$ cat query.tsv   # TSV, C-alpha atoms
chain	number	residue	atom	x	y	z
A	1	MET	CA	34.45	-103.31	-41.22
A	2	TYR	CA	32.02	-100.51	-40.39
A	3	THR	CA	30.68	-100.51	-36.83
A	4	PRO	CA	27.16	-99.08	-36.67
A	5	SER	CA	26.46	-96.09	-34.44
A	6	ALA	CA	23.71	-95.91	-31.84
A	7	HIS	CA	21.66	-93.98	-34.43
A	8	PRO	CA	20.71	-95.87	-37.62
A	9	PHE	CA	20.47	-92.55	-39.45
A	10	PRO	CA	22.56	-89.37	-39.70
A	11	VAL	CA	22.03	-86.66	-37.11
A	12	ALA	CA	22.43	-83.04	-38.21
A	13	LEU	CA	25.03	-80.98	-36.39
A	14	THR	CA	23.21	-77.73	-35.70
A	15	PRO	CA	24.61	-74.22	-35.16
A	16	GLY	CA	25.70	-73.67	-31.60
A	17	ASP	CA	26.62	-77.32	-31.08
A	18	PRO	CA	30.24	-77.40	-29.80
A	19	VAL	CA	30.91	-80.59	-31.79
A	20	ARG	CA	29.76	-78.81	-34.95
A	21	GLU	CA	32.17	-75.95	-34.33
A	22	ALA	CA	35.12	-78.30	-33.72
A	23	ALA	CA	34.30	-80.53	-36.69
A	24	PHE	CA	33.82	-77.50	-38.95
A	25	GLN	CA	37.20	-76.13	-37.95
A	26	ALA	CA	38.84	-79.48	-38.75
A	27	ALA	CA	36.90	-79.84	-42.03
A	28	THR	CA	37.85	-76.41	-43.35
A	29	ALA	CA	41.44	-76.15	-42.10
A	30	ARG	CA	42.86	-76.95	-45.57
A	31	LEU	CA	40.71	-74.27	-47.18
A	32	ASP	CA	42.03	-71.79	-44.64
A	33	GLU	CA	45.60	-72.80	-45.55
A	34	TRP	CA	45.02	-72.30	-49.28
A	35	PHE	CA	42.67	-69.33	-49.32
A	36	GLY	CA	42.97	-67.66	-45.92
A	37	ASP	CA	39.82	-65.73	-45.17
A	38	ARG	CA	38.99	-65.21	-48.89
A	39	VAL	CA	36.81	-68.35	-48.99
A	40	GLN	CA	34.16	-69.49	-46.55
A	41	VAL	CA	31.87	-72.51	-46.66
A	42	GLN	CA	28.12	-72.06	-46.63
A	43	VAL	CA	26.90	-75.31	-45.04
A	44	GLU	CA	24.20	-77.29	-46.83
A	45	ARG	CA	24.59	-80.61	-44.99
A	46	PHE	CA	26.54	-81.30	-41.85
A	47	ASP	CA	25.66	-84.72	-40.50
A	48	ARG	CA	27.09	-87.20	-38.04
A	49	MET	CA	26.81	-90.96	-37.62
A	50	GLY	CA	28.87	-92.41	-34.80
A	51	PRO	CA	32.50	-91.39	-35.29
A	52	TRP	CA	31.86	-90.02	-38.81
A	53	VAL	CA	30.94	-86.50	-39.94
A	54	PHE	CA	30.10	-85.43	-43.50
A	55	LEU	CA	30.10	-81.77	-44.55
A	56	GLN	CA	28.68	-80.60	-47.87
A	57	GLY	CA	28.62	-76.92	-48.69
A	58	THR	CA	29.18	-74.15	-51.17
A	59	MET	CA	32.35	-72.08	-51.16
A	60	ARG	CA	31.69	-68.35	-51.05
A	61	GLY	CA	33.88	-65.30	-51.25
A	62	THR	CA	34.03	-62.67	-48.54
A	63	ASP	CA	31.27	-60.72	-50.31
A	64	ASN	CA	29.09	-63.89	-50.28
A	65	GLY	CA	29.59	-64.17	-54.05
A	66	ARG	CA	31.76	-66.55	-56.06
A	67	PRO	CA	35.13	-67.40	-54.49
A	68	TYR	CA	38.26	-65.61	-55.65
A	69	TYR	CA	40.77	-68.23	-56.80
A	70	ALA	CA	43.45	-65.97	-58.32
A	71	GLY	CA	46.92	-66.93	-57.19
A	72	THR	CA	45.89	-70.45	-56.13
A	73	VAL	CA	46.24	-73.87	-57.72
A	74	TYR	CA	42.51	-73.69	-58.50
A	75	GLU	CA	42.73	-70.59	-60.72
A	76	ALA	CA	43.40	-72.57	-63.93
A	77	ARG	CA	40.67	-75.12	-63.19
A	78	ARG	CA	38.15	-72.31	-62.73
A	79	ALA	CA	39.30	-70.59	-65.94
A	80	ASP	CA	38.94	-73.90	-67.83
A	81	GLY	CA	35.40	-74.36	-66.46
A	82	VAL	CA	36.21	-77.58	-64.64
A	83	MET	CA	35.57	-76.41	-61.11
A	84	SER	CA	32.38	-76.01	-59.12
A	85	ASP	CA	31.91	-74.05	-55.90
A	86	VAL	CA	31.17	-77.25	-53.95
A	87	TYR	CA	33.23	-78.32	-50.96
A	88	VAL	CA	32.79	-81.68	-49.24
A	89	ALA	CA	34.68	-83.22	-46.35
A	90	LEU	CA	34.58	-86.50	-44.48
A	91	LEU	CA	35.87	-86.55	-40.92
A	92	LYS	CA	36.41	-89.32	-38.44
A	93	LYS	CA	36.79	-88.96	-34.70
A	94	THR	CA	40.29	-89.88	-33.64
A	95	ASP	CA	41.05	-92.56	-31.08
A	96	GLU	CA	42.97	-89.99	-29.05
A	97	PRO	CA	41.39	-89.17	-25.71
A	98	ARG	CA	40.22	-85.66	-26.58
A	99	PRO	CA	36.83	-84.05	-26.01
A	100	GLU	CA	34.63	-84.08	-29.12
A	101	ASN	CA	34.43	-80.29	-29.05
A	102	ASP	CA	38.20	-80.07	-29.68
A	103	ALA	CA	39.03	-79.73	-33.40
A	104	ARG	CA	42.02	-82.04	-32.86
A	105	ALA	CA	39.54	-84.82	-32.01
A	106	TRP	CA	38.54	-84.91	-35.69
A	107	ARG	CA	40.70	-86.22	-38.55
A	108	LEU	CA	40.06	-85.21	-42.14
A	109	ALA	CA	39.59	-88.55	-43.90
A	110	ASN	CA	38.85	-87.12	-47.35
A	111	TYR	CA	37.75	-83.91	-49.04
A	112	ALA	CA	37.01	-82.47	-52.47
A	113	VAL	CA	37.43	-78.85	-53.52
A	114	GLY	CA	35.32	-77.82	-56.51
A	115	PRO	CA	34.35	-81.27	-57.82
A	116	THR	CA	32.35	-81.40	-61.03
A	117	ASP	CA	30.99	-84.86	-60.23
A	118	VAL	CA	29.98	-86.76	-57.07
A	119	ALA	CA	33.54	-87.13	-55.79
A	120	TRP	CA	32.30	-88.65	-52.51
A	121	LEU	CA	30.47	-91.54	-54.20
A	122	THR	CA	33.22	-94.04	-53.34
A	123	TRP	CA	33.95	-92.71	-49.84
A	124	PRO	CA	31.70	-95.21	-48.01
A	125	ASP	CA	33.72	-98.09	-49.47
A	126	ASP	CA	37.09	-96.32	-49.41
A	127	HIS	CA	36.78	-95.42	-45.73
A	128	GLU	CA	34.30	-98.00	-44.43
A	129	ALA	CA	31.91	-95.18	-43.55
A	130	PRO	CA	28.12	-95.62	-43.40
A	131	ARG	CA	26.42	-95.05	-46.77
A	132	ALA	CA	23.46	-93.38	-45.07
A	133	LEU	CA	25.75	-90.56	-43.93
A	134	PHE	CA	26.06	-89.47	-47.57
A	135	GLY	CA	22.39	-89.89	-48.38
A	136	PHE	CA	22.95	-93.01	-50.50

$ encode --input "query.tsv" --output "structure tokens"
Amino acid sequence: MYTPSAHPFPVALTPGDPVREAAFQAATARLDEWFGDRVQVQVERFDRMGPWVFLQGTMRGTDNGRPYYAGTVYEARRADGVMSDVYVALLKKTDEPRPENDARAWRLANYAVGPTDVAWLTWPDDHEAPRALFGF
């Protein structure tokens, strides 16, 4: 069962906020594993409600253009036209006693690399996260 946060609406994590930096590091760790520094995420939404954080962004290459997927598992999907440049991630604060500005305080609950539909539509039910966090 979802436990409401003190805020009945999502709060944007703004640049310079130490929680934003830690959550961003946790949210993009998988991308770093797969692509190294070839792909970065341009943030469009980065919101928090209680222990939940939702990141929605666009993947960009090092030249700020389209990402370079050659040599990755995503190369064929891109070639077949079934991959967008969208990246979304859902994080939840762990129960471990860590400061919120520590990336290890955040657990990646779900993510989608290059979805061509609204892959996060079921996440509120799947993870018992607040619907408002996703803008639903």

$ closest_residue --input "query.tsv" --among "A:His127, A:Arg78, A:Arg38, A:Arg48" --to "A:Val19" --atoms "all atoms listed in the file"
A:Arg48

$ closest_atom_pairs --input "query.tsv" --of "stretch 42-65 of chain A" --to "stretch 118-122 of chain A" --cutoff "12 Å" --atoms "only C-alpha atoms" --output "JSON lines"
{"residue": "A:Phe54", "atom": "CA", "partner": "A:Trp120", "partner_atom": "CA", "distance": 9.8}
{"residue": "A:Leu55", "atom": "CA", "partner": "A:Trp120", "partner_atom": "CA", "distance": 10.7}
{"residue": "A:Gln56", "atom": "CA", "partner": "A:Trp120", "partner_atom": "CA", "distance": 10.0}

$ residues_around --input "query.tsv" --residues "stretch 84-95 of chain A" --least-positions-apart "6" --cutoff "7 Å" --atoms "all atoms listed in the file" --output "ChimeraX atom specification"
/A:27,51-59,105-116

$ closest_residue --input "query.tsv" --among "A:Asp102, A:Glu96, A:Glu128, A:Asp63" --to "A:Ala26" --atoms "only C-alpha atoms"
A:Asp102

$ closest_residue --input "query.tsv" --among "A:Arg98, A:Arg77, A:Gly50, A:Ala22" --to "A:Phe9" --atoms "all atoms listed in the file"
A:Gly50

$ closest_residue --input "query.tsv" --among "A:Asp117, A:Ala70, A:Gly61, A:Asp47" --to "A:Met83" --atoms "all atoms listed in the file"
A:Asp117

$ closest_residue --input "query.tsv" --among "A:Phe136, A:Asp17, A:Gln40, A:Phe35" --to "A:Gly71" --atoms "all atoms listed in the file"
A:Phe35

$ closest_residue --input "query.tsv" --among "A:Glu44, A:Asp126, A:Glu75, A:Glu100" --to "A:Glu21" --atoms "all atoms listed in the file"
A:Glu100
